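S.K.: One structure, pasted below without further comment.
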Amino acid sequence: MSALADFQNSIYLQGLGDVVPALPTDLTKLEALAEGSLSAQAFGYVAGAAGSEATARANRAAFDRWRIVPRMLRDVADRDLSVQVLGTEMPSPVVLGPIGVLSIVHPDGELAVARAAAAERVPMVLSTASSHNIEDVADANGDGPRWYQLYWPKNRDLAVSFLERAKAAGYTALVVTLDTFTLAWRPRDLDQAYLPFLRGIGVANYLSDPVFQGMVGGPITDANRDQAILHWVANFGNPSLTWDDLIFVREHWDGPIALKGIQHPDDARHAVDAGMDGVIVSNHGGRQVDGAVASLDALPGVVDAVRDQATVLFDSGIRTGSDIAKALALGAKAVLVARPYAYGLALAGQAGVQHVLRCLQAELELTLALSGFTRPDELNPEFLVRA
């Protein structure tokens, strides 16, 4: 048994001393626990989705439509979950996806996530909308693997500044989120009249940026803070972007680039034509378009469209190790995990994020082994049947 799956043994051994895990190992239980510990505003922001939240429900239902078919007597004694994705060596095909404003669930926010990611050697993707800035998160992450997620602002000089800062701070891959050029209709937030950015939360990268500071007349102080927030509102997203604008990103980033928010095969082909290194099949966890296709349902079509011309990653709805296995079998090379680690952060800080990572990776390895597989790249659609 490898070091990842051995997390299970460590739990049982600690049980001999009557020590039980501080958090559930069934990660689907974390959401309810987090709701009990967070304010209604913070929990609604993390757990909520667009409109009636039909897309978020569809993401989860899609996993139940696929069933694993275990195979026997296939020698699974030696197992290795390690992969290389977008130039990053990883212990497993698991990435901590970008989540903004994490200080609303824990004061350390992205700093705790960065420390957890480094401890587990798992890549984290830092959101542009983070509560702590690019450089401070890099310092917390140390020599851990890290990627940067860009919300493309209207001001191109500001976009370039974000990219240059990320590159200088050791972020090796770029994730460009396409589906959030404006905020969606999110009733949980609307009913609380709660948008953290307007309260100065999740804008650390803007307020610390020299280009942004120049836009508001100098360093951010109490005197110009309100003006700075208004500038954030004016520059957050750019709905006028087209595929031709990707040339600009490539000109200003010399590492791997993945586009997040791809759902349609034609968009995946456009990404390949634009010279992108990867696409992330994602509907933003159901947070942007109510009634949209489940990400897992979109995955096979995107994989078929891209083939081996770009790396396909998956996001939206991952809660368990078997979920990860299903996404890998349908063609993803790695998955991005989001809400589960946010709940772990809310409940136990860095230790909570590490708990989520250890549970997911251990369960993934055990799922593969018990199904007759030893490596992620052995999985294919024959691993599954439709329920």
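By order in the structure tokens, chains are A, B, ...; within a chain, residues start at 1; ligands start at 1, following the order shown.
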When you look at Asp277 of chain A with a cut-off of 7 Å (counting only C-alpha atoms), what residues show up, excluding the ones that are within fewer than 6 positions of it in the same chain? I need them as a CSV table (one decimal) with N, CA and C atoms, in the first residue's frame.
M.R.:
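Printed below is result-v9.csv as written:
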chain,number,residue,atom,x,y,z
A,256,PRO,N,2.6,27.1,-19.2
A,256,PRO,CA,1.4,26.4,-19.7
A,256,PRO,C,0.2,27.3,-19.3
A,257,ILE,N,-0.8,27.3,-20.2
A,257,ILE,CA,-2.1,28.0,-20.0
A,257,ILE,C,-3.3,27.0,-20.2
A,258,ALA,N,-4.2,27.1,-19.3
A,258,ALA,CA,-5.4,26.3,-19.4
A,258,ALA,C,-6.6,27.2,-19.3
A,310,ALA,N,-4.4,18.8,-26.3
A,310,ALA,CA,-4.3,19.6,-25.1
A,310,ALA,C,-4.7,18.7,-23.9
A,311,THR,N,-4.3,19.2,-22.8
A,311,THR,CA,-4.6,18.4,-21.5
A,311,THR,C,-6.0,18.8,-21.1
S.K.: Residues at most 7 Å from segment 288-301 of chain A, counting only C-alpha atoms, excluding those fewer than 2 positions away in the same chain, as JSON, numbers by chain?
M.R.: {"A": [50, 51, 52, 53, 54, 55, 58, 59, 62, 184, 263, 264, 265, 281, 282, 283, 284, 286, 303, 304, 305, 316, 327, 330, 331]}
S.K.: When you look at segment 191-206 of chain A with a cut-off of 7 Å (counting only C-alpha atoms), what residues show up, excluding the ones that are within fewer than 6 positions of it in the same chain? I need them as a ChimeraX atom specification.
M.R.: /A:41,100-101,128-134,212,229
S.K.: Could you check how far atom CA of Pro376 of chain A sits from atom CA of Arg269 of chain A, in Å to one decimal?
M.R.: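 Separation between atom CA of Pro376 of chain A and atom CA of Arg269 of chain A: 24.7 Å.
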S.K.: Using only C-alpha atoms, which protein or nucleic acid residues come within 9 Å of Ala346 of chain A? Drop anything in the same chain fewer than 4 positions from it, and give the result as a list in words.
M.R.: Ala34, Ser37, Leu38, Leu102, Ile104, Val105, His106, Gly109, Tyr341, Ala342, Gly352 and Val353 of chain A
S.K.: Which residues, written as a PyMOL selection string, have at least one atom at most 7 Å from Gly237 of chain A, with only C-alpha atoms counted and residues fewer than 3 positions away on the same chain left out?
M.R.: chain A and resi 151-154+181-182
S.K.: Please identify all polymer residues within 9 Å of Val249 of chain A, counting only C-alpha atoms, omitting same-chain residues fewer than 2 positions from it, and present them as a ChimeraX atom specification.
M.R.: /A:159-160,163,176,245-247,251-253,257
S.K.: Emit the selected residues as an mmCIF file, in the first residue's frame, including C-alpha atoms.
M.R.:
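Contents of again_32.cif, freshly written:
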data_model
loop_
_atom_site.group_PDB
_atom_site.id
_atom_site.type_symbol
_atom_site.label_atom_id
_atom_site.label_comp_id
_atom_site.auth_asym_id
_atom_site.auth_seq_id
_atom_site.Cartn_x
_atom_site.Cartn_y
_atom_site.Cartn_z
ATOM 1 C CA ALA A 159 -3.885 42.101 -16.450
ATOM 2 C CA VAL A 160 -0.217 42.195 -17.467
ATOM 3 C CA LEU A 163 0.655 37.945 -14.769
ATOM 4 C CA VAL A 176 -7.786 31.710 -17.291
ATOM 5 C CA ASP A 245 -7.838 38.033 -27.330
ATOM 6 C CA LEU A 246 -6.053 34.865 -26.230
ATOM 7 C CA ILE A 247 -3.097 36.034 -28.304
ATOM 8 C CA GLU A 251 2.243 37.082 -25.355
ATOM 9 C CA HIS A 252 2.431 37.790 -21.629
ATOM 10 C CA TRP A 253 2.736 34.276 -20.166
ATOM 11 C CA ILE A 257 -2.088 28.004 -20.026
#
S.K.: List every residue of segment 109-298 of chain A that DSSP, applied to the backbone of this structure, assigns to strand (DSSP E), and report them as a PyMOL selection string.
M.R.: chain A and resi 124-127+146-150+173-177+257-262+278-281
S.K.: Print the selection's residues with C-alpha atoms to a file, as a short mmCIF file (atom, residue, chain, number, x, y, z; two decimals), in the first residue's frame.
M.R.:
data_model
loop_
_atom_site.label_atom_id
_atom_site.label_comp_id
_atom_site.auth_asym_id
_atom_site.auth_seq_id
_atom_site.Cartn_x
_atom_site.Cartn_y
_atom_site.Cartn_z
CA MET A 124 -2.98 24.98 -5.49
CA VAL A 125 -4.53 27.46 -7.91
CA LEU A 126 -4.62 30.95 -6.44
CA SER A 127 -7.66 33.01 -7.38
CA ARG A 146 1.34 26.60 -7.43
CA TRP A 147 -0.67 27.91 -10.37
CA TYR A 148 -2.34 31.29 -10.84
CA GLN A 149 -5.94 31.86 -11.91
CA LEU A 150 -6.71 35.04 -13.85
CA ALA A 173 0.88 27.52 -14.87
CA LEU A 174 -1.90 29.95 -15.71
CA VAL A 175 -5.61 29.19 -15.44
CA VAL A 176 -7.79 31.71 -17.29
CA THR A 177 -11.40 31.60 -16.11
CA ILE A 257 -2.09 28.00 -20.03
CA ALA A 258 -5.41 26.26 -19.37
CA LEU A 259 -8.85 27.73 -20.06
CA LYS A 260 -11.42 27.12 -17.31
CA GLY A 261 -15.13 27.03 -18.05
CA ILE A 262 -15.16 24.91 -21.21
CA GLY A 278 -5.17 22.73 -21.50
CA VAL A 279 -8.90 23.10 -20.97
CA ILE A 280 -10.80 22.69 -17.72
CA VAL A 281 -14.29 21.30 -18.13
#
S.K.: Considering only C-alpha atoms, can you say which of A:Asp266, A:Asp157, A:Asp189, A:Asp377 comes closest to Phe43 of chain A?
M.R.: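 Ranked by minimum distance to Phe43 of chain A, first place goes to A:Asp189.
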S.K.: Between atom CA of Gly349 of chain A and atom CA of Asp108 of chain A, measure the distance and give it in Å to one decimal.
M.R.: 7.5 Å
S.K.: Quick one: distance from atom CA of Val137 of chain A to atom CA of Gly87 of chain A in Å, one decimal?
M.R.: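 The value is 20.5 Å.
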S.K.: Measuring atom to atom with only C-alpha atoms, identify which of A:Leu357, A:Ala338, A:Leu347, A:Ile99 is nearest to Leu23 of chain A.
M.R.: A:Leu347
S.K.: With distances taken over only C-alpha atoms, which residue among A:Ala387, A:Glu378, A:Ser371, A:Gln14 lies nearest Arg74 of chain A?
M.R.: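 Looking only at the distances to Arg74 of chain A, the closest residue turns out to be A:Ser371.
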S.K.: Using the chain letters and numbers from this document, which residues of segment 73-299 of chain A does DSSP assign to alpha helix (DSSP H), as a ChimeraX atom specification?
M.R.: /A:109-120,134-141,156-168,187-191,204-207,210-215,225-235,246-251,265-273,295-299
S.K.: Go through A:Val211, A:Leu345, A:Asp323, A:His270 one by one, measure the shortest atom-to-atom distance of each to Gln309 of chain A using only C-alpha atoms, and give the residue with the smallest value.
M.R.: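 Checking each of A:Val211, A:Leu345, A:Asp323, A:His270 against Gln309 of chain A, counting only C-alpha atoms, the winner is A:His270.
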S.K.: Using only C-alpha atoms, which protein or nucleic acid residues come within 8 Å of Pro145 of chain A? Drop anything in the same chain fewer than 3 positions from it, and give the result as a list in words.
M.R.: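 Here the qualifying residues turn out to be Thr88, Ala117, Ala118, Arg121, Val122, Pro123, Met124, Asn141, Tyr171 and Thr172 of chain A.
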S.K.: Considering only C-alpha atoms, can you say which of A:Asn235, A:Asp75, A:Ala47, A:Gln84 comes closest to Glu31 of chain A?
M.R.: A:Ala47
S.K.: Pick the closest to Gly170 of chain A from A:Gly255, A:Pro91, A:Gly17, A:Gly275: which is it, counting only C-alpha atoms?
M.R.: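 Smallest separation from Gly170 of chain A among the options: A:Gly255.
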